[in-house]
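Undergrad: This is the structure, below, for whatever I ask next.
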Amino acid sequence: MYNLKELRKNLDDIKKKLQNRNIDFDINNFKTIDSLNRDLINKKEKLEQEKKSLSKSKDKANFERSKKITQEISDLEKKQSISQSEIDKIIFSLPNLAHDDVPIGRDEKSNKLIKKKGDIKKFTFSAKSHIELGERNQNIDFDTSIKLSGSRFVVLKDKFAMLERALINFMLDTHVNEFQYTEISPPLIVNEDVMFGTGQLPKFEEDQFEIKFDNSDQRKFLIPTAEVVLTNLVRKSIIEKNLLPKRFVASTPCFRKEAGSYGKDTKGMIRQHQFYKVELVSIVEPNKCLNELERMLGCAESILEKLEIPYQVVLLSSGDMGFSAEKTYDIEAWIPSENKYREISSCSSCGSFQARRMGAKYKSESGNDFVGTLNGSGLAVGRLMIALLENNQNEDGSINIPNVLKNT
RNA sequence: GGAGAGGUGGCCGAGUGGUUGAAGGCGCACGCUUGGAAAGCGUGUAAACGGGAAACCGUUUCGAGGGUUCGAAUCCCUCUCUCUCCGCCA
């Protein structure tokens, strides 16, 4: 979400930048509504000013005029709240602008490869997919999950369930002990405002699981990522500067409808309605966002390095980034059965975009200012399991468990 | 589920119809004091929106919405959230 004043000043520039994000911003429409809105505000304020001065005296001669003004104000208010909500509708749905270092492009074809790490193992046999590896002992059981819940869910059993738990512990321990993140155990159900804060609403409602909670009008949602709760930990607050940066880590299930991805990755555990993810969130002074992004990327990478899984880092193009991001790195792990890299983490700086939506500020030298927020997967557990299983498989279908996991 | 209490500034907390954006305290900032610190003293310290290059000006805001009134933090209604007790339960 932008500052309206800034938006007005740089309309043409912002339109151009939004084009890089594949958004066609209608300047004229915005100008029309905005000027109407401001006109109504001005008229209303003038009347309010008069009313205020009248009500300071107890002179009965003014009562009649004052009464009339009250009515006029209430009429103007109704009109203004309509034009206001039209403006809100427009600006709440505009994505963040890409930072200057972001490559400009329509889609993932313009993404920029930053680095490759690790050696891709040459198997002397044909590498099996995680599905085949899981079927060996029925440790990945889709037959049962279909019966329980439908497609895009999974039942993990025995050693595989334990492996999932070990990976979560390993990642949490690493981020807490090595990188000074504070571990959080958050709610998985949040209200509408929280979803708005990080940008899931209003634009991406169709991908969220809304749950029937009670008979009140308050809407509740299952979190699609711990980013939502961790970032909103600072919502509607003003933080002392010396308490920044704040760094949070949590492992939570994530719930996504995956609307619009029908037919994509239908087999296996790559794309699920429910999956565990270890999530990193940083709350920083806004000018430190880009440094923090590099740091966060390093934290996520370190997991793959410790597990000796080959990966590459990609800088997303303006058209491929998520709604709230100003700059995003994806980490892609090598998946032998697909003979390609697949996304296993996404680390983004959101600048002050989410902070504005949440009302999250800190005390700076020049007064209160919005904080910067960052989020990154550190890492997606399901996909990490796939990468680990497939990269560490033996010909007989057994798996070599890395030493770093053995004590967790 | 039953009963009660309460939502006021970064925090705590006064305030039951008329210059109350709001006493007092804490915190914070600056200054004085000190060899230095603490204490003490003094001054300052809300946000949102609109106008302005800026200084600054204006309006709004005491959980949210509606009502009464010339005038509402204060009265009435609805909603919401939090807390306490009882019941139930992991």
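Numbering starts fresh at 1 for the residues of each chain in the structure tokens, the chains themselves are lettered A, B, ... in the order given, and ligands are numbered from 1 as they appear.
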Pick out the chain A residues within 7 Å of chain B. Count only C-alpha atoms (C1' of nucleotides). Give them as a PyMOL selection string.
TA: chain A and resi 41-42+45+55-56+62-63+66-67+238
Undergrad: Next, dump the selected residues to file, keeping only N, CA and C atoms, as a short mmCIF file (atom, residue, chain, number, x, y, z; two decimals), in the first residue's frame.
TA:
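Output saved as again.cif:
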```cif
data_model
loop_
_atom_site.label_atom_id
_atom_site.label_comp_id
_atom_site.auth_asym_id
_atom_site.auth_seq_id
_atom_site.Cartn_x
_atom_site.Cartn_y
_atom_site.Cartn_z
N ILE A 41 -14.11 16.38 1.14
CA ILE A 41 -13.45 16.54 2.44
C ILE A 41 -13.34 18.02 2.78
N ASN A 42 -12.93 18.81 1.81
CA ASN A 42 -12.78 20.25 2.06
C ASN A 42 -14.09 20.90 2.46
N GLU A 45 -14.99 19.90 5.94
CA GLU A 45 -14.17 20.52 6.98
C GLU A 45 -14.53 21.97 7.22
N SER A 55 -20.54 26.11 18.36
CA SER A 55 -20.89 25.34 19.55
C SER A 55 -20.09 25.77 20.78
N LYS A 56 -19.15 26.66 20.54
CA LYS A 56 -18.41 27.15 21.71
C LYS A 56 -19.20 28.19 22.48
N ASN A 62 -27.65 31.04 17.57
CA ASN A 62 -26.91 30.19 16.64
C ASN A 62 -27.47 28.78 16.49
N PHE A 63 -28.37 28.42 17.35
CA PHE A 63 -28.82 27.03 17.40
C PHE A 63 -29.37 26.55 16.06
N SER A 66 -26.68 26.01 13.49
CA SER A 66 -25.87 24.86 13.88
C SER A 66 -26.57 23.56 13.55
N LYS A 67 -27.84 23.56 13.78
CA LYS A 67 -28.63 22.36 13.50
C LYS A 67 -28.60 22.03 12.02
N ILE A 238 4.05 0.86 17.86
CA ILE A 238 5.15 1.78 17.59
C ILE A 238 6.33 1.26 18.39
#
```
Undergrad: Compile the contact shell of Ile344 of chain A as a PyMOL selection string: residues with an atom at most 7 Å away, counting only C-alpha atoms (C1' of nucleotides), same-chain residues fewer than 3 positions apart removed.
TA: chain A and resi 331-333+379-380+383-384
Undergrad: Convert the current residue selection to file output with C-alpha atoms, as a short mmCIF file (atom, residue, chain, number, x, y, z; two decimals), in the first residue's frame.
TA:
```
data_model
loop_
_atom_site.label_atom_id
_atom_site.label_comp_id
_atom_site.auth_asym_id
_atom_site.auth_seq_id
_atom_site.Cartn_x
_atom_site.Cartn_y
_atom_site.Cartn_z
CA ILE A 331 16.04 -20.67 -3.83
CA GLU A 332 15.54 -23.71 -6.02
CA ALA A 333 16.69 -27.15 -4.95
CA LEU A 379 12.58 -23.76 4.19
CA ALA A 380 9.42 -25.38 2.84
CA ARG A 383 9.69 -29.82 -0.76
CA LEU A 384 12.86 -30.09 1.30
#
```
Undergrad: Between atom CA of Ile69 of chain A and atom CA of Leu54 of chain A, what distance in Å does the model show, to one decimal?
TA: 10.2 Å
Undergrad: Just the helix (DSSP H, G or I) stuff from segment 183-238 of chain A, please, per backbone DSSP, written as a PyMOL selection string.
TA: chain A and resi 192-198+205-207+226-232
Undergrad: Output N, CA and C atoms for every residue in the selection just made, as a PDB file, in the first residue's frame.
TA:
```
ATOM      1  N   GLU A 192      -9.579 -11.186   9.520  1.00  0.00           N
ATOM      2  CA  GLU A 192      -9.509 -10.528   8.223  1.00  0.00           C
ATOM      3  C   GLU A 192      -8.442  -9.427   8.173  1.00  0.00           C
ATOM      4  N   ASP A 193      -8.355  -8.644   9.239  1.00  0.00           N
ATOM      5  CA  ASP A 193      -7.405  -7.528   9.258  1.00  0.00           C
ATOM      6  C   ASP A 193      -5.975  -8.015   9.118  1.00  0.00           C
ATOM      7  N   VAL A 194      -5.686  -9.126   9.758  1.00  0.00           N
ATOM      8  CA  VAL A 194      -4.343  -9.678   9.708  1.00  0.00           C
ATOM      9  C   VAL A 194      -4.009 -10.134   8.286  1.00  0.00           C
ATOM     10  N   MET A 195      -4.986 -10.744   7.641  1.00  0.00           N
ATOM     11  CA  MET A 195      -4.788 -11.177   6.257  1.00  0.00           C
ATOM     12  C   MET A 195      -4.613  -9.973   5.330  1.00  0.00           C
ATOM     13  N   PHE A 196      -5.309  -8.907   5.651  1.00  0.00           N
ATOM     14  CA  PHE A 196      -5.146  -7.686   4.861  1.00  0.00           C
ATOM     15  C   PHE A 196      -3.744  -7.115   5.059  1.00  0.00           C
ATOM     16  N   GLY A 197      -3.288  -7.169   6.290  1.00  0.00           N
ATOM     17  CA  GLY A 197      -1.997  -6.568   6.649  1.00  0.00           C
ATOM     18  C   GLY A 197      -0.847  -7.048   5.794  1.00  0.00           C
ATOM     19  N   THR A 198      -0.776  -8.336   5.559  1.00  0.00           N
ATOM     20  CA  THR A 198       0.338  -8.853   4.776  1.00  0.00           C
ATOM     21  C   THR A 198       0.010  -8.935   3.283  1.00  0.00           C
ATOM     22  N   GLU A 205      -8.275 -13.548  -2.163  1.00  0.00           N
ATOM     23  CA  GLU A 205      -9.209 -14.253  -1.316  1.00  0.00           C
ATOM     24  C   GLU A 205      -9.467 -15.679  -1.807  1.00  0.00           C
ATOM     25  N   GLU A 206      -9.475 -15.850  -3.117  1.00  0.00           N
ATOM     26  CA  GLU A 206      -9.844 -17.162  -3.662  1.00  0.00           C
ATOM     27  C   GLU A 206      -8.830 -18.250  -3.331  1.00  0.00           C
ATOM     28  N   ASP A 207      -7.643 -17.858  -2.888  1.00  0.00           N
ATOM     29  CA  ASP A 207      -6.658 -18.884  -2.559  1.00  0.00           C
ATOM     30  C   ASP A 207      -6.640 -19.206  -1.059  1.00  0.00           C
ATOM     31  N   ALA A 226       3.210 -18.804   7.620  1.00  0.00           N
ATOM     32  CA  ALA A 226       3.441 -18.175   8.918  1.00  0.00           C
ATOM     33  C   ALA A 226       3.841 -16.709   8.766  1.00  0.00           C
ATOM     34  N   GLU A 227       4.237 -16.326   7.552  1.00  0.00           N
ATOM     35  CA  GLU A 227       4.522 -14.910   7.288  1.00  0.00           C
ATOM     36  C   GLU A 227       3.386 -14.043   7.810  1.00  0.00           C
ATOM     37  N   VAL A 228       2.166 -14.492   7.601  1.00  0.00           N
ATOM     38  CA  VAL A 228       1.001 -13.699   7.972  1.00  0.00           C
ATOM     39  C   VAL A 228       0.996 -13.392   9.476  1.00  0.00           C
ATOM     40  N   VAL A 229       1.162 -14.401  10.277  1.00  0.00           N
ATOM     41  CA  VAL A 229       1.132 -14.168  11.729  1.00  0.00           C
ATOM     42  C   VAL A 229       2.407 -13.525  12.244  1.00  0.00           C
ATOM     43  N   LEU A 230       3.542 -13.970  11.751  1.00  0.00           N
ATOM     44  CA  LEU A 230       4.810 -13.440  12.279  1.00  0.00           C
ATOM     45  C   LEU A 230       4.950 -11.956  11.961  1.00  0.00           C
ATOM     46  N   THR A 231       4.598 -11.578  10.754  1.00  0.00           N
ATOM     47  CA  THR A 231       4.718 -10.168  10.376  1.00  0.00           C
ATOM     48  C   THR A 231       3.735  -9.326  11.172  1.00  0.00           C
ATOM     49  N   ASN A 232       2.522  -9.856  11.333  1.00  0.00           N
ATOM     50  CA  ASN A 232       1.499  -9.098  12.051  1.00  0.00           C
ATOM     51  C   ASN A 232       1.726  -9.040  13.559  1.00  0.00           C
TER      52      ASN A 232
END
```
Undergrad: Which residues, written as a PyMOL selection string, have at least one atom at most 12 Å from Asn403 of chain A, with only C-alpha atoms (C1' of nucleotides) counted and residues fewer than 2 positions away on the same chain left out?
TA: chain A and resi 166-167+170+306-308+400-401+405-408
Undergrad: Please write the residues from the selection above to a file, keeping N, CA and C atoms, as a CSV table (one decimal), in the first residue's frame.
TA:
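Just written: selection_20.csv:
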```csv
chain,number,residue,atom,x,y,z
A,166,ALA,N,12.2,-34.3,12.1
A,166,ALA,CA,13.7,-34.0,12.3
A,166,ALA,C,14.1,-32.8,11.4
A,167,LEU,N,13.6,-32.6,10.2
A,167,LEU,CA,13.9,-31.5,9.4
A,167,LEU,C,13.4,-30.2,10.0
A,170,PHE,N,15.6,-29.4,13.0
A,170,PHE,CA,17.0,-29.0,12.5
A,170,PHE,C,16.9,-27.6,12.1
A,306,LYS,N,24.1,-27.3,4.7
A,306,LYS,CA,24.3,-28.2,5.7
A,306,LYS,C,23.8,-29.6,5.3
A,307,LEU,N,22.8,-29.6,4.5
A,307,LEU,CA,22.2,-30.9,4.1
A,307,LEU,C,22.8,-31.4,2.8
A,308,GLU,N,23.7,-30.6,2.3
A,308,GLU,CA,24.4,-30.9,1.0
A,308,GLU,C,23.5,-31.2,-0.1
A,400,ASN,N,20.0,-42.3,2.4
A,400,ASN,CA,21.1,-41.9,3.4
A,400,ASN,C,20.7,-40.7,4.1
A,401,ILE,N,20.6,-40.8,5.5
A,401,ILE,CA,20.2,-39.6,6.3
A,401,ILE,C,21.5,-38.9,6.6
A,405,LEU,N,21.2,-34.5,10.8
A,405,LEU,CA,19.8,-34.8,11.2
A,405,LEU,C,19.8,-35.9,12.3
A,406,LYS,N,20.9,-36.6,12.5
A,406,LYS,CA,20.8,-37.8,13.3
A,406,LYS,C,20.6,-37.5,14.8
A,407,ASN,N,21.0,-36.3,15.2
A,407,ASN,CA,20.8,-36.0,16.6
A,407,ASN,C,19.6,-35.2,16.9
A,408,THR,N,18.8,-34.9,15.9
A,408,THR,CA,17.6,-34.0,16.2
A,408,THR,C,16.4,-34.8,16.6
```
Undergrad: Record the distance separating atom CA of Val381 of chain A and atom CA of Lys288 of chain A, expressed in Å with one decimal.
TA: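 For atom CA of Val381 of chain A relative to atom CA of Lys288 of chain A, the distance reads 28.3 Å.
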Undergrad: Closest to Gln272 of chain A among A:Ala98, A:Ile23, A:Val154, A:Ala250, using only C-alpha atoms?
TA: A:Val154
Undergrad: Please list as a PyMOL selection string every residue within 12 Å of Lys159 of chain A, counting only C-alpha atoms (C1' of nucleotides) and excluding residues in the same chain fewer than 2 positions away.
TA: chain A and resi 134+136-140+156-157+161-166+385+389+398-399+401
Undergrad: Would you list the contacts of G63 of chain B as JSON, numbers by chain, taking every protein, DNA or RNA residue within 12 Å and counting only C-alpha atoms (C1' of nucleotides), but skipping same-chain residues closer than 4 positions in sequence?
TA: {"B": [6, 7, 8, 73, 79, 80, 81, 82]}
Undergrad: For the residues in the current selection, export N, CA and C atoms (P, O5', C5', C4', C3', O3' and C1' of nucleotides) as a PDB file, in the first residue's frame.
TA:
```pdb
ATOM      1  P     G B   6     -17.534  -1.124  35.114  1.00  0.00           P
ATOM      2  O5'   G B   6     -16.395  -1.185  33.997  1.00  0.00           O
ATOM      3  C5'   G B   6     -15.041  -0.916  34.339  1.00  0.00           C
ATOM      4  C4'   G B   6     -14.125  -1.397  33.263  1.00  0.00           C
ATOM      5  C3'   G B   6     -14.129  -0.617  31.965  1.00  0.00           C
ATOM      6  O3'   G B   6     -13.411   0.595  32.085  1.00  0.00           O
ATOM      7  C1'   G B   6     -14.052  -2.921  31.505  1.00  0.00           C
ATOM      8  P     G B   7     -13.253   1.561  30.826  1.00  0.00           P
ATOM      9  O5'   G B   7     -12.008   0.867  30.114  1.00  0.00           O
ATOM     10  C5'   G B   7     -11.285   1.549  29.110  1.00  0.00           C
ATOM     11  C4'   G B   7     -10.846   0.548  28.070  1.00  0.00           C
ATOM     12  C3'   G B   7     -10.659   1.203  26.712  1.00  0.00           C
ATOM     13  O3'   G B   7      -9.302   1.058  26.301  1.00  0.00           O
ATOM     14  C1'   G B   7     -12.015  -0.772  26.568  1.00  0.00           C
ATOM     15  P     U B   8      -8.161   1.851  26.971  1.00  0.00           P
ATOM     16  O5'   U B   8      -8.640   3.335  26.746  1.00  0.00           O
ATOM     17  C5'   U B   8      -8.754   3.859  25.422  1.00  0.00           C
ATOM     18  C4'   U B   8      -8.825   5.347  25.484  1.00  0.00           C
ATOM     19  C3'   U B   8      -7.495   6.056  25.789  1.00  0.00           C
ATOM     20  O3'   U B   8      -6.712   6.240  24.618  1.00  0.00           O
ATOM     21  C1'   U B   8      -9.215   6.958  27.150  1.00  0.00           C
ATOM     22  P     A B  73     -16.665  14.104  22.516  1.00  0.00           P
ATOM     23  O5'   A B  73     -15.939  12.933  23.309  1.00  0.00           O
ATOM     24  C5'   A B  73     -15.950  11.611  22.816  1.00  0.00           C
ATOM     25  C4'   A B  73     -15.795  10.632  23.930  1.00  0.00           C
ATOM     26  C3'   A B  73     -16.985  10.569  24.885  1.00  0.00           C
ATOM     27  O3'   A B  73     -17.931   9.636  24.412  1.00  0.00           O
ATOM     28  C1'   A B  73     -14.981  10.815  26.117  1.00  0.00           C
ATOM     29  P     C B  79     -26.352  -6.590  19.998  1.00  0.00           P
ATOM     30  O5'   C B  79     -24.968  -6.445  19.228  1.00  0.00           O
ATOM     31  C5'   C B  79     -24.871  -6.759  17.847  1.00  0.00           C
ATOM     32  C4'   C B  79     -23.570  -6.252  17.292  1.00  0.00           C
ATOM     33  C3'   C B  79     -22.314  -6.860  17.910  1.00  0.00           C
ATOM     34  O3'   C B  79     -22.016  -8.130  17.358  1.00  0.00           O
ATOM     35  C1'   C B  79     -22.051  -4.512  17.737  1.00  0.00           C
ATOM     36  P     U B  80     -21.178  -9.190  18.214  1.00  0.00           P
ATOM     37  O5'   U B  80     -19.746  -8.509  18.299  1.00  0.00           O
ATOM     38  C5'   U B  80     -18.927  -8.401  17.140  1.00  0.00           C
ATOM     39  C4'   U B  80     -17.679  -7.637  17.481  1.00  0.00           C
ATOM     40  C3'   U B  80     -16.846  -8.241  18.611  1.00  0.00           C
ATOM     41  O3'   U B  80     -16.014  -9.279  18.131  1.00  0.00           O
ATOM     42  C1'   U B  80     -17.111  -5.933  18.980  1.00  0.00           C
ATOM     43  P     C B  81     -15.677 -10.507  19.074  1.00  0.00           P
ATOM     44  O5'   C B  81     -14.469  -9.942  19.940  1.00  0.00           O
ATOM     45  C5'   C B  81     -13.264  -9.525  19.308  1.00  0.00           C
ATOM     46  C4'   C B  81     -12.475  -8.665  20.253  1.00  0.00           C
ATOM     47  C3'   C B  81     -12.155  -9.295  21.604  1.00  0.00           C
ATOM     48  O3'   C B  81     -11.055 -10.178  21.540  1.00  0.00           O
ATOM     49  C1'   C B  81     -12.934  -7.102  21.931  1.00  0.00           C
ATOM     50  P     U B  82     -10.916 -11.357  22.604  1.00  0.00           P
ATOM     51  O5'   U B  82     -10.472 -10.588  23.917  1.00  0.00           O
ATOM     52  C5'   U B  82      -9.220  -9.932  23.986  1.00  0.00           C
ATOM     53  C4'   U B  82      -9.113  -9.181  25.286  1.00  0.00           C
ATOM     54  C3'   U B  82      -9.365 -10.007  26.540  1.00  0.00           C
ATOM     55  O3'   U B  82      -8.220 -10.743  26.933  1.00  0.00           O
ATOM     56  C1'   U B  82     -10.564  -7.985  26.680  1.00  0.00           C
TER      57        U B  82
END
```
Undergrad: Please give the complete set of residues from segment 76-309 of chain A that DSSP, run on the backbone, assigns to strand (DSSP E or B), formatted as an NGL selection string.
TA: :A and (112-117 or 140-141 or 155-156 or 182-183 or 189-191 or 210-211 or 220-222 or 237-239 or 246-255 or 274-284)
Undergrad: Give me the residues within 7 Å of Phe153 of chain A as a list in words, counting only C-alpha atoms (C1' of nucleotides) and dropping any in the same chain fewer than 4 places off.
TA: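 Counting only the stated atoms, we get Ser145, Ser149, Gln272, His273 and Gln274 of chain A.
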Undergrad: Which residue gives the smallest distance to Met1 of chain A among A:Asp88, A:Glu178, A:Asp101, A:Asp75, with only C-alpha atoms counted?
TA: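 The answer is A:Asp88, which sits nearest to Met1 of chain A.
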Undergrad: Name all residues at most 12 Å from Lys44 of chain A (count only C-alpha atoms (C1' of nucleotides); drop same-chain ones fewer than 3 positions away) and give them as a list in words.
TA: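 The contact residues come out as Asn37, Arg38, Asp39, Leu40, Ile41, Leu47, Glu48, Gln49, Glu50, Lys51, Ile69, Thr70, Gln71, Glu72, Ile73, Ser74, Asp75, Leu76, Glu77, Lys78, Lys79, Gln80 and Ser81 of chain A; G50, G58, U59 and U60 of chain B.
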Undergrad: Output N, CA, C and O atoms (P, O5', C5', C4', C3', O3' and C1' of nucleotides) for every residue in the selection just made, as a short mmCIF file (atom, residue, chain, number, x, y, z; two decimals), in the first residue's frame.
TA:
```cif
data_model
loop_
_atom_site.label_atom_id
_atom_site.label_comp_id
_atom_site.auth_asym_id
_atom_site.auth_seq_id
_atom_site.Cartn_x
_atom_site.Cartn_y
_atom_site.Cartn_z
N ASN A 37 -13.16 13.25 -4.06
CA ASN A 37 -13.05 12.92 -2.65
C ASN A 37 -12.50 14.08 -1.84
O ASN A 37 -13.02 14.45 -0.80
N ARG A 38 -11.43 14.69 -2.38
CA ARG A 38 -10.82 15.79 -1.64
C ARG A 38 -11.72 17.00 -1.59
O ARG A 38 -11.75 17.73 -0.61
N ASP A 39 -12.47 17.19 -2.66
CA ASP A 39 -13.42 18.28 -2.70
C ASP A 39 -14.46 18.11 -1.58
O ASP A 39 -14.77 19.05 -0.85
N LEU A 40 -14.95 16.89 -1.45
CA LEU A 40 -15.95 16.62 -0.41
C LEU A 40 -15.35 16.81 0.98
O LEU A 40 -15.99 17.35 1.87
N ILE A 41 -14.11 16.38 1.14
CA ILE A 41 -13.45 16.54 2.44
C ILE A 41 -13.34 18.02 2.78
O ILE A 41 -13.64 18.45 3.90
N LEU A 47 -17.48 23.27 6.94
CA LEU A 47 -18.70 23.27 7.75
C LEU A 47 -18.40 22.89 9.20
O LEU A 47 -18.94 23.46 10.13
N GLU A 48 -17.52 21.92 9.33
CA GLU A 48 -17.17 21.49 10.69
C GLU A 48 -16.53 22.62 11.48
O GLU A 48 -16.77 22.79 12.68
N GLN A 49 -15.71 23.37 10.76
CA GLN A 49 -15.06 24.52 11.39
C GLN A 49 -16.11 25.50 11.91
O GLN A 49 -16.03 25.97 13.05
N GLU A 50 -17.10 25.77 11.08
CA GLU A 50 -18.15 26.71 11.47
C GLU A 50 -18.92 26.17 12.67
O GLU A 50 -19.17 26.87 13.65
N LYS A 51 -19.25 24.90 12.56
CA LYS A 51 -20.02 24.29 13.64
C LYS A 51 -19.25 24.35 14.96
O LYS A 51 -19.82 24.62 16.02
N ILE A 69 -26.27 22.89 9.90
CA ILE A 69 -24.93 22.43 9.52
C ILE A 69 -24.76 20.94 9.83
O ILE A 69 -24.21 20.18 9.03
N THR A 70 -25.26 20.52 10.96
CA THR A 70 -25.15 19.11 11.33
C THR A 70 -25.73 18.22 10.25
O THR A 70 -25.14 17.20 9.90
N GLN A 71 -26.86 18.65 9.72
CA GLN A 71 -27.49 17.87 8.65
C GLN A 71 -26.63 17.86 7.38
O GLN A 71 -26.39 16.82 6.77
N GLU A 72 -26.13 19.04 7.03
CA GLU A 72 -25.31 19.14 5.82
C GLU A 72 -24.05 18.30 5.93
O GLU A 72 -23.63 17.63 4.98
N ILE A 73 -23.45 18.33 7.09
CA ILE A 73 -22.23 17.53 7.30
C ILE A 73 -22.54 16.06 7.13
O ILE A 73 -21.80 15.32 6.47
N SER A 74 -23.64 15.65 7.69
CA SER A 74 -23.96 14.23 7.60
C SER A 74 -24.21 13.80 6.15
O SER A 74 -23.81 12.71 5.74
N ASP A 75 -24.79 14.70 5.34
CA ASP A 75 -24.96 14.38 3.92
C ASP A 75 -23.62 14.25 3.21
O ASP A 75 -23.39 13.33 2.44
N LEU A 76 -22.75 15.23 3.50
CA LEU A 76 -21.44 15.21 2.86
C LEU A 76 -20.66 13.96 3.28
O LEU A 76 -19.95 13.36 2.48
N GLU A 77 -20.78 13.59 4.53
CA GLU A 77 -20.07 12.43 5.03
C GLU A 77 -20.45 11.17 4.26
O GLU A 77 -19.60 10.35 3.93
N LYS A 78 -21.73 11.05 4.00
CA LYS A 78 -22.17 9.87 3.27
C LYS A 78 -21.54 9.81 1.90
O LYS A 78 -21.05 8.77 1.47
N LYS A 79 -21.56 10.96 1.20
CA LYS A 79 -20.96 11.00 -0.13
C LYS A 79 -19.47 10.71 -0.06
O LYS A 79 -18.91 9.98 -0.88
N GLN A 80 -18.83 11.33 0.93
CA GLN A 80 -17.38 11.20 1.00
C GLN A 80 -16.98 9.76 1.33
O GLN A 80 -15.98 9.26 0.83
N SER A 81 -17.75 9.10 2.14
CA SER A 81 -17.36 7.74 2.50
C SER A 81 -17.47 6.82 1.28
O SER A 81 -16.73 5.86 1.15
P G B 50 -4.93 12.86 2.45
"O5'" G B 50 -5.51 14.34 2.55
"C5'" G B 50 -6.78 14.63 1.99
"C4'" G B 50 -7.11 16.08 2.24
"C3'" G B 50 -6.07 17.08 1.78
"O3'" G B 50 -6.14 17.31 0.39
"C1'" G B 50 -6.77 17.64 3.95
P G B 58 -5.36 26.29 13.09
"O5'" G B 58 -6.32 25.46 12.13
"C5'" G B 58 -7.25 26.11 11.30
"C4'" G B 58 -7.94 25.11 10.41
"C3'" G B 58 -8.58 23.94 11.13
"O3'" G B 58 -9.84 24.28 11.67
"C1'" G B 58 -7.37 23.14 9.28
P U B 59 -10.39 23.54 12.94
"O5'" U B 59 -10.80 22.12 12.35
"C5'" U B 59 -11.89 22.00 11.45
"C4'" U B 59 -11.99 20.58 10.95
"C3'" U B 59 -12.09 19.51 12.04
"O3'" U B 59 -13.40 19.40 12.56
"C1'" U B 59 -10.51 18.84 10.42
P U B 60 -13.58 18.86 14.04
"O5'" U B 60 -13.23 17.32 13.89
"C5'" U B 60 -14.03 16.47 13.08
"C4'" U B 60 -13.35 15.16 12.87
"C3'" U B 60 -13.12 14.35 14.13
"O3'" U B 60 -14.28 13.62 14.47
"C1'" U B 60 -11.13 14.39 12.86
#
```
Undergrad: Go through A:Val249, A:Gly263, A:Arg8, A:Ser85 one by one, measure the shortest atom-to-atom distance of each to Asn177 of chain A using only C-alpha atoms, and give the residue with the smallest value.
TA: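 Using only C-alpha atoms, Asn177 of chain A sits closest to A:Val249.
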Undergrad: In Å, rounded to a single decimal, give me how far atom CA of Gly351 of chain A is from atom CA of Val371 of chain A.
TA: 7.7 Å
